[in-house]
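J.: Let me begin by handing over the structure; questions about it come next.
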Amino acid sequence: MPSGIFDFDRRQFSAAETEFRRALQIRRATFGRDHASLSMIYMNIGVVLTQRNAHEKAEGMFLEALRIQRINDKQVDPDTAQILAHFAKLLHKMKRHAEAHEMEARSARIRAELEYTVPASQLGIFTNRYSSDHQW
């Protein structure tokens, strides 16, 4: 298990953020700044920043994750649904409830379109459409 995940599970958000940022730097250098695999790293940094109450920085991470999904033509994708669900949680913390509800509705529409039956509330921070037994 990558250490960033372990650090998050132990609620060591500063260490988790450091590891995610290092992973982001490596992936960007390897694949370029718009590669689809970066969106989930941005989302994870956004979640960590949300937990650390760095709301404006977290919002930037979620927006970047969604931008990458959009330019990679992944608007209707389980990862996009997950990003939107986490972004909605941030927006609720920021008392921007109308925007949060819009994000939740977009996430639900994507899941419905994909017949994606796992509720966003059951998705962990590092969960995406791949099963845990997927061989890399």
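The way I read the labels, and the way they are meant: chains A, B, ... in the order of the structure tokens, residue 1 as the first residue of every chain, and ligand 1 as the first ligand shown, with later ones counted on from there.
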Applying 10 Å and only C-alpha atoms, which residues near stretch 89-95 of chain A remain after dropping the ones on its own chain fewer than 4 positions away? List them as a PyMOL selection string.

T.: chain A and resi 46-47+49-51+53-56+58-59+62+84-85+99-101+103-104

J.: Keeping C-alpha atoms for every residue in the selection just given, could you write it to a file as a compact mmCIF listing (two decimals), in the first residue's frame?

T.:
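So result-v2.txt came out as:
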```
# COMPACT_ATOMS: atom_id res chain seq x y z
CA GLY A 46 -8.16 17.97 -2.49
CA VAL A 47 -9.59 15.56 0.07
CA LEU A 49 -6.67 19.71 2.04
CA THR A 50 -10.38 19.58 2.89
CA GLN A 51 -9.52 17.63 6.04
CA ASN A 53 -9.41 23.04 6.37
CA ALA A 54 -7.42 24.53 3.49
CA HIS A 55 -10.63 25.02 1.57
CA GLU A 56 -9.50 27.36 -1.19
CA ALA A 58 -8.73 22.08 -1.96
CA GLU A 59 -11.16 23.73 -4.37
CA PHE A 62 -10.87 19.52 -7.38
CA LEU A 84 -17.76 15.56 -7.84
CA ALA A 85 -18.92 13.78 -4.66
CA GLU A 99 -23.21 24.49 -5.55
CA ALA A 100 -22.72 21.35 -3.46
CA HIS A 101 -26.18 20.09 -4.35
CA MET A 103 -22.21 18.65 -7.75
CA GLU A 104 -24.08 15.86 -5.95
```

J.: So which one's closest to A:Arg70, A:Ala108, A:His35, A:Asn44, A:Arg52? Using only C-alpha atoms, please.

T.: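 Ranking A:Ala108, A:His35, A:Asn44, A:Arg52 by distance to A:Arg70, first place goes to A:His35.
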
J.: Using backbone DSSP assignments, extract all helix (DSSP H, G or I) residues from stretch 1-63 of chain A; output them as a PyMOL selection string.

T.: chain A and resi 3-9+13-31+38-51+55-63

J.: Can you work out the spacing between atom CA of A:Glu102 and atom CA of A:Ala81 in Å, to one decimal?

T.: 12.1 Å

J.: For A:Ile68, which residue among A:Ala98, A:Val48, A:Ala36, A:Met43 is the nearest when counting only C-alpha atoms?

T.: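 Distance minimum relative to A:Ile68 lands on A:Ala36.
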
J.: Could you please determine the separation between atom CA of A:Gln69 and atom CA of A:Ser39 in Å, to one decimal place?

T.: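 A separation of 6.5 Å between them.
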
J.: Between A:Asp77, A:Gln25, A:Glu17, A:Ile71, which one has atoms that come closest to A:Lys57, using only C-alpha atoms?

T.: A:Glu17

J.: Which residue, A:Arg67, A:Lys74, A:Arg109, A:Arg96, has the smallest gap to A:Arg33 when you use only C-alpha atoms?

T.: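 Answer, going by the shortest atom-to-atom distance: A:Arg67.
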